[in-house]
Structure formats: C-alpha cells, structure tokens
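Peer 1: Structure: start02.txt, compact mmCIF, C-alpha atoms.
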```txt
# COMPACT_ATOMS: atom_id res chain seq x y z
CA MET K 1 77.48 69.04 100.49
CA ASN K 2 77.99 71.75 103.07
CA THR K 3 79.78 74.93 101.90
CA GLY K 4 81.97 74.85 105.02
CA ILE K 5 83.19 71.34 104.26
CA ILE K 6 83.79 72.20 100.62
CA SER K 7 85.71 75.37 101.41
CA THR K 8 87.81 73.58 104.03
CA ARG K 9 88.76 70.79 101.64
CA TYR K 10 89.74 73.11 98.79
CA ALA K 11 91.54 75.49 101.17
CA SER K 12 93.56 72.69 102.78
CA ALA K 13 94.48 71.36 99.32
CA LEU K 14 95.63 74.85 98.29
CA LEU K 15 97.61 75.18 101.53
CA LYS K 16 99.40 71.88 100.89
CA TYR K 17 100.08 72.93 97.31
CA VAL K 18 101.59 76.31 98.25
CA GLU K 19 103.71 74.62 100.93
CA GLU K 20 105.09 72.29 98.24
CA THR K 21 105.77 75.12 95.79
CA GLY K 22 107.06 77.54 98.43
CA GLY K 23 104.73 80.30 97.26
CA GLY K 24 102.68 80.66 100.44
CA ASP K 25 103.59 84.27 101.17
CA ARG K 26 102.91 85.39 97.59
CA VAL K 27 99.58 83.58 97.40
CA ALA K 28 98.45 84.72 100.87
CA SER K 29 99.32 88.31 99.99
CA GLN K 30 97.32 88.17 96.75
CA VAL K 31 94.38 86.44 98.45
CA TRP K 32 94.38 89.12 101.18
CA THR K 33 94.28 91.85 98.50
CA LEU K 34 91.52 90.13 96.56
CA LEU K 35 89.33 89.70 99.65
CA HIS K 36 89.82 93.15 101.15
CA ASP K 37 90.08 95.44 98.12
CA ASN K 38 86.92 95.35 96.00
CA ASP K 39 88.68 97.29 93.23
CA ALA K 40 91.60 94.86 93.02
CA ARG K 41 91.77 93.30 89.58
CA PRO K 42 95.19 91.68 89.18
CA GLU K 43 96.36 91.22 85.61
CA LEU K 44 98.03 87.99 86.56
CA LEU K 45 97.06 85.58 89.30
CA GLU K 46 99.72 83.64 91.12
CA PRO K 47 100.14 80.24 89.40
CA GLU K 48 98.73 78.37 92.40
CA LEU K 49 95.63 80.58 92.48
CA GLU K 50 95.16 80.30 88.74
CA ARG K 51 95.24 76.52 89.03
CA LEU K 52 92.70 76.65 91.88
CA VAL K 53 90.34 78.85 89.84
CA ARG K 54 90.54 76.50 86.87
CA LEU K 55 89.75 73.55 89.17
CA LEU K 56 86.79 75.38 90.74
CA VAL K 57 85.37 76.26 87.32
CA LYS K 58 85.82 72.67 86.13
CA ASN K 59 84.03 71.30 89.23
CA GLY K 60 81.28 73.95 89.23
CA ARG K 61 82.39 75.40 92.58
CA ILE K 62 83.43 78.91 91.53
CA GLY K 63 80.55 80.35 93.57
CA ASP K 64 82.31 79.17 96.74
CA ILE K 65 85.58 80.94 96.00
CA ARG K 66 85.26 83.64 98.69
CA PHE K 67 84.64 81.00 101.37
CA ILE K 68 87.56 78.94 100.10
CA LEU K 69 89.94 81.91 100.04
CA ARG K 70 88.93 83.00 103.56
CA SER K 71 89.45 79.45 104.82
CA PHE K 72 92.82 79.32 103.10
CA LEU K 73 93.98 82.55 104.73
CA SER K 74 92.90 81.35 108.14
CA MET K 75 94.68 78.01 107.69
CA TYR K 76 97.79 79.66 106.27
CA TYR K 77 98.18 82.13 109.12
CA ARG K 78 97.45 79.44 111.69
CA SER K 79 100.20 77.28 110.15
CA LYS K 80 102.57 80.26 110.61
CA GLY K 81 101.53 80.65 114.25
CA MET K 82 99.37 83.71 113.59
CA ARG K 83 95.70 84.62 113.96
CA LEU K 84 93.58 86.82 111.69
CA VAL K 85 91.71 89.54 113.57
CA ARG K 86 89.21 91.91 112.00
CA LEU K 87 87.62 94.77 113.91
CA ILE K 88 84.52 96.47 112.49
CA SER K 89 83.44 99.62 114.30
CA ALA K 90 80.98 102.45 113.72
CA ALA K 91 83.72 105.09 114.06
CA PRO K 92 87.45 104.99 113.30
CA VAL K 93 89.57 103.38 116.02
CA SER K 94 92.76 105.17 117.08
CA GLU K 95 96.15 103.65 116.30
CA GLN K 96 96.88 103.46 120.03
CA MET K 97 93.69 101.47 120.66
CA GLN K 98 94.52 99.08 117.79
CA GLU K 99 98.00 98.45 119.21
CA ARG K 100 96.57 97.88 122.68
CA LEU K 101 93.99 95.42 121.31
CA CYS K 102 96.72 93.59 119.36
CA GLU K 103 98.84 93.23 122.49
CA LEU K 104 95.87 91.94 124.47
CA LEU K 105 94.91 89.39 121.79
CA GLU K 106 98.52 88.26 121.31
CA LYS K 107 98.79 87.66 125.05
CA GLN K 108 95.41 85.88 125.16
CA PHE K 109 96.10 83.55 122.21
CA ASP K 110 99.88 83.31 122.71
CA CYS K 111 100.63 84.02 119.06
CA LYS K 112 101.17 86.86 116.60
CA VAL K 113 98.08 88.68 115.32
CA SER K 114 97.38 90.04 111.84
CA PHE K 115 95.06 92.97 112.53
CA ASP K 116 92.64 94.63 110.11
CA SER K 117 90.30 97.48 111.03
CA GLU K 118 87.22 98.60 109.13
CA VAL K 119 84.59 101.32 109.64
CA ASP K 120 80.93 100.47 109.01
CA ALA K 121 78.43 103.13 110.09
CA SER K 122 75.51 100.72 109.60
CA ILE K 123 76.30 98.97 112.91
CA ILE K 124 75.29 102.27 114.62
CA GLY K 125 77.67 101.83 117.57
CA GLY K 126 79.82 99.30 119.34
CA PHE K 127 81.98 96.84 117.43
CA VAL K 128 82.21 93.44 115.76
CA LEU K 129 85.39 91.48 116.45
CA ILE K 130 86.16 88.55 114.16
CA ILE K 131 89.01 86.22 115.13
CA ASP K 132 89.55 83.51 112.55
CA ASP K 133 86.08 81.94 112.36
CA TYR K 134 84.75 83.32 115.64
CA MET K 135 82.67 86.49 115.84
CA LEU K 136 81.86 88.68 118.82
CA ASP K 137 79.05 91.04 117.81
CA ALA K 138 78.76 93.83 120.37
CA SER K 139 77.16 96.26 117.93
CA VAL K 140 74.12 98.39 118.67
CA LYS K 141 72.49 97.08 115.49
CA HIS K 142 72.77 93.50 116.78
CA GLN K 143 71.38 94.45 120.20
CA ILE K 144 68.39 96.18 118.58
CA GLU K 145 67.75 93.09 116.47
CA LEU K 146 67.81 90.86 119.57
CA ILE K 147 65.34 93.14 121.36
CA ARG K 148 63.09 93.19 118.28
CA ARG K 149 63.05 89.39 118.10
CA GLU K 150 62.32 89.07 121.80
CA PHE K 151 59.49 91.59 121.50
CA ILE K 152 57.94 89.62 118.63
CA VAL K 153 58.16 86.35 120.55
CA GLN K 154 56.65 87.89 123.69
CA ASN K 155 53.74 89.44 121.77
CA ASN K 156 52.92 86.30 119.77
CA ARG K 157 51.89 84.35 122.84
CA ILE K 158 48.26 83.33 123.04
CA VAL K 159 46.64 84.82 126.10
```
Go ahead and express the file in the form of structure tokens.

Peer 2:
Amino acid sequence: MNTGIISTRYASALLKYVEETGGGDRVASQVWTLLHDNDARPELLEPELERLVRLLVKNGRIGDIRFILRSFLSMYYRSKGMRLVRLISAAPVSEQMQERLCELLEKQFDCKVSFDSEVDASIIGGFVLIIDDYMLDASVKHQIELIRREFIVQNNRIV
C-alpha cells in the first residue's frame, strides 16, 4: 500500500478519535512539539497518541509515524479553519516580513495561518514555502539542480 494512503487513514482515524475525546488541542500541541523539536522526549504521551503508537507497533506501521503525524496536524488545523505554513530560508527572516507573509496568505486562503519559520543554509539562497501538502521551492539549490539535470539531458543526445 502507498504510504500516503496509509498515513491519511491513520491520521483521519486519530482525528476522529481526538474529536470524540475532546483532546484535539492537547494532542496537536504534543504532535507539533514532537515533529519540530528533535530533542523533545516527553515522559508521557497523551493517551490518544499512546494508543496510536501501540496500534502502529501492533500493525507493523511504526516506520510511517512521521507521515501520519504530519497528516494529522494538517487535517486537524484544516478542521479548525487554519492552514499550516512553513517557510525555510537561507537567512533569518525578519518578524515584519513574517507578519506580512501571514497577512498575505490569510487573505489568499481566507483562513487563519499557523506560521513556522526555519533557517537552512544548505539551500544557498531563496526560500522554500510549504503550505499544508504543497511546496513552492524557489531556492538556489533547487535551481542549480534543475540546470544540472537539463545540462545532462542536453549532453546525452546522440549527434
């Protein structure tokens, strides 16, 4: 089975479960921390998450947990009328620029935006904007890779 289908099914089941238990905010907060803080090691998982982990271990799907948790967050915020936005840039982005981008995206999508910014020098320049499951890669690293591929294709032609 496809990882995307698997993660969507488990994530939607977790979403329904947290809606029934009323623990959506707690679970979403802990999932956000687990996904974005590599040093986060909670002593105690939320009961809903603990039950999910036990189910994934039982079904041999624990390797898909990051995909499942990302899908869950996306579904959860969408159910609350919000969108997840992640900006990766080569240099730190000013607070003013982040606020301006949030306003623009909120106007474009007609909903609230949960904004997260990250610095990654390996992209050389430009930015990568991830909105839910969509990615706009305007990084220099990506442009160089596209040029490299085109160069290879052009030079592999038989003359």

Peer 1: Every residue with an atom at most 9 Å from (91.4, 87.0, 93.6) (file coordinates; all atoms listed in the file) is what I'm after, so could you write them as a ChimeraX atom specification?

Peer 2: /K:30-35,40-42,45,49,65-66,69

Peer 1: Write out as an mmCIF file with C-alpha atoms, keeping the file's coordinate frame the residues lying within 8 Å of stretch 7-21 of chain K, counting all atoms listed in the file and excluding same-chain residues fewer than 4 positions away.

Peer 2:
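Here's the written file around-v7.cif:
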```
data_model
loop_
_atom_site.group_PDB
_atom_site.id
_atom_site.type_symbol
_atom_site.label_atom_id
_atom_site.label_comp_id
_atom_site.auth_asym_id
_atom_site.auth_seq_id
_atom_site.Cartn_x
_atom_site.Cartn_y
_atom_site.Cartn_z
ATOM 1 C CA THR K 3 79.780 74.930 101.900
ATOM 2 C CA VAL K 27 99.580 83.580 97.400
ATOM 3 C CA GLU K 48 98.730 78.370 92.400
ATOM 4 C CA LEU K 52 92.700 76.650 91.880
ATOM 5 C CA ASP K 64 82.310 79.170 96.740
ATOM 6 C CA ILE K 65 85.580 80.940 96.000
ATOM 7 C CA PHE K 67 84.640 81.000 101.370
ATOM 8 C CA ILE K 68 87.560 78.940 100.100
ATOM 9 C CA LEU K 69 89.940 81.910 100.040
ATOM 10 C CA SER K 71 89.450 79.450 104.820
ATOM 11 C CA PHE K 72 92.820 79.320 103.100
ATOM 12 C CA MET K 75 94.680 78.010 107.690
ATOM 13 C CA TYR K 76 97.790 79.660 106.270
#
```

Peer 1: Give the centre and edge lengths of an axis-aligned box, in Å to one decimal, that holds all listed atoms of stretch 55-74 of chain K with 5 Å on each side, as JSON.

Peer 2:
```
{"center_x": 87.3, "center_y": 77.5, "center_z": 97.1, "size_x": 23.4, "size_y": 22.3, "size_z": 32.0}
```

Peer 1: Would you please work out which residue, of K:Cys111, K:Ile88, K:Ser94, K:Phe151, is nearest to K:Ile123 when using only C-alpha atoms?

Peer 2: K:Ile88

Peer 1: Can you tell me, as number ranges by chain, what residues are no more than 10 Å from stretch 97-109 of chain K when counting only C-alpha atoms, ignoring any on the same chain fewer than 5 positions away?

Peer 2: K: 82-83, 85, 87, 114-117, 131

Peer 1: Those residues you just picked out, can you put them in a file as a PDB file, in the frame of the given file with C-alpha atoms?

Peer 2:
```pdb
ATOM      1  CA  MET K  82      99.370  83.710 113.590  1.00  0.00           C
ATOM      2  CA  ARG K  83      95.700  84.620 113.960  1.00  0.00           C
ATOM      3  CA  VAL K  85      91.710  89.540 113.570  1.00  0.00           C
ATOM      4  CA  LEU K  87      87.620  94.770 113.910  1.00  0.00           C
ATOM      5  CA  SER K 114      97.380  90.040 111.840  1.00  0.00           C
ATOM      6  CA  PHE K 115      95.060  92.970 112.530  1.00  0.00           C
ATOM      7  CA  ASP K 116      92.640  94.630 110.110  1.00  0.00           C
ATOM      8  CA  SER K 117      90.300  97.480 111.030  1.00  0.00           C
ATOM      9  CA  ILE K 131      89.010  86.220 115.130  1.00  0.00           C
TER      10      ILE K 131
END
```

Peer 1: So that I can see what lies close to stretch 139-144 of chain K, please list as a ChimeraX atom specification the residues with an atom at most 7 Å from it, counting all atoms listed in the file and leaving out residues fewer than 4 positions away in the same chain.

Peer 2: /K:123-128,148

Peer 1: Could those selected residues go to a file with C-alpha atoms, as a PDB file, in the frame of the given file?

Peer 2:
```pdb
ATOM      1  CA  ILE K 123      76.300  98.970 112.910  1.00  0.00           C
ATOM      2  CA  ILE K 124      75.290 102.270 114.620  1.00  0.00           C
ATOM      3  CA  GLY K 125      77.670 101.830 117.570  1.00  0.00           C
ATOM      4  CA  GLY K 126      79.820  99.300 119.340  1.00  0.00           C
ATOM      5  CA  PHE K 127      81.980  96.840 117.430  1.00  0.00           C
ATOM      6  CA  VAL K 128      82.210  93.440 115.760  1.00  0.00           C
ATOM      7  CA  ARG K 148      63.090  93.190 118.280  1.00  0.00           C
TER       8      ARG K 148
END
```

Peer 1: Expressed in Å to a single decimal, how great is the separation between atom CA of K:Leu136 and atom CA of K:Leu84?

Peer 2: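 For atom CA of K:Leu136 relative to atom CA of K:Leu84, the distance reads 13.8 Å.
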
Peer 1: What lies within 8 Å of K:Ala91 using only C-alpha atoms, ignoring chain neighbours under 5 positions off, as a list in words?

Peer 2: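 That gives Val119, Asp120, Ala121 and Gly125 of chain K.
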
Peer 1: Which is closer to K:Asp133 than all the others in K:Gly60, K:Gly22, K:Gly4, K:Pro47, using all atoms listed in the file?

Peer 2: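 Under the stated criterion, the closest residue is K:Gly4.
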
Peer 1: For atom CA of K:Met135 and atom CA of K:Ile62, quote the distance in Å rounded to one decimal.

Peer 2: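 Going from atom CA of K:Met135 over to atom CA of K:Ile62, I get 25.5 Å.
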
Peer 1: May I ask you to restore N, CA and C atoms in stretch 24-47 of chain K and write the result as a tab-separated table (two decimals), in the coordinates of the input?

Peer 2:
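Once everything was written out, this is selection_0.tsv:
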```tsv
chain	number	residue	atom	x	y	z
K	24	GLY	N	103.71	80.32	99.46
K	24	GLY	CA	102.68	80.66	100.44
K	24	GLY	C	102.53	82.14	100.70
K	25	ASP	N	103.66	82.84	100.89
K	25	ASP	CA	103.59	84.27	101.17
K	25	ASP	C	103.01	85.05	99.99
K	26	ARG	N	103.43	84.71	98.79
K	26	ARG	CA	102.91	85.39	97.59
K	26	ARG	C	101.41	85.17	97.44
K	27	VAL	N	100.99	83.93	97.58
K	27	VAL	CA	99.58	83.58	97.40
K	27	VAL	C	98.74	84.21	98.51
K	28	ALA	N	99.20	84.13	99.76
K	28	ALA	CA	98.45	84.72	100.87
K	28	ALA	C	98.31	86.22	100.69
K	29	SER	N	99.37	86.86	100.22
K	29	SER	CA	99.32	88.31	99.99
K	29	SER	C	98.29	88.66	98.91
K	30	GLN	N	98.28	87.90	97.83
K	30	GLN	CA	97.32	88.17	96.75
K	30	GLN	C	95.90	87.85	97.19
K	31	VAL	N	95.70	86.79	97.95
K	31	VAL	CA	94.38	86.44	98.45
K	31	VAL	C	93.87	87.54	99.38
K	32	TRP	N	94.75	88.03	100.26
K	32	TRP	CA	94.38	89.12	101.18
K	32	TRP	C	93.91	90.34	100.38
K	33	THR	N	94.64	90.70	99.34
K	33	THR	CA	94.28	91.85	98.50
K	33	THR	C	92.95	91.61	97.80
K	34	LEU	N	92.76	90.44	97.26
K	34	LEU	CA	91.52	90.13	96.56
K	34	LEU	C	90.30	90.19	97.48
K	35	LEU	N	90.46	89.73	98.72
K	35	LEU	CA	89.33	89.70	99.65
K	35	LEU	C	89.02	91.06	100.25
K	36	HIS	N	90.03	91.90	100.42
K	36	HIS	CA	89.82	93.15	101.15
K	36	HIS	C	89.79	94.40	100.28
K	37	ASP	N	90.12	94.29	99.02
K	37	ASP	CA	90.08	95.44	98.12
K	37	ASP	C	89.15	95.11	96.96
K	38	ASN	N	87.92	95.66	97.02
K	38	ASN	CA	86.92	95.35	96.00
K	38	ASN	C	87.33	95.82	94.61
K	39	ASP	N	88.23	96.78	94.53
K	39	ASP	CA	88.68	97.29	93.23
K	39	ASP	C	89.88	96.53	92.69
K	40	ALA	N	90.41	95.59	93.44
K	40	ALA	CA	91.60	94.86	93.02
K	40	ALA	C	91.27	93.92	91.86
K	41	ARG	N	91.92	94.15	90.76
K	41	ARG	CA	91.77	93.30	89.58
K	41	ARG	C	93.17	93.00	89.05
K	42	PRO	N	93.82	91.97	89.62
K	42	PRO	CA	95.19	91.68	89.18
K	42	PRO	C	95.20	91.21	87.73
K	43	GLU	N	96.22	91.66	87.01
K	43	GLU	CA	96.36	91.22	85.61
K	43	GLU	C	96.74	89.75	85.56
K	44	LEU	N	97.52	89.35	86.55
K	44	LEU	CA	98.03	87.99	86.56
K	44	LEU	C	97.87	87.40	87.95
K	45	LEU	N	97.17	86.29	88.03
K	45	LEU	CA	97.06	85.58	89.30
K	45	LEU	C	98.33	84.77	89.54
K	46	GLU	N	98.62	84.54	90.80
K	46	GLU	CA	99.72	83.64	91.12
K	46	GLU	C	99.39	82.28	90.52
K	47	PRO	N	100.40	81.54	90.07
K	47	PRO	CA	100.14	80.24	89.40
K	47	PRO	C	99.28	79.29	90.22
```
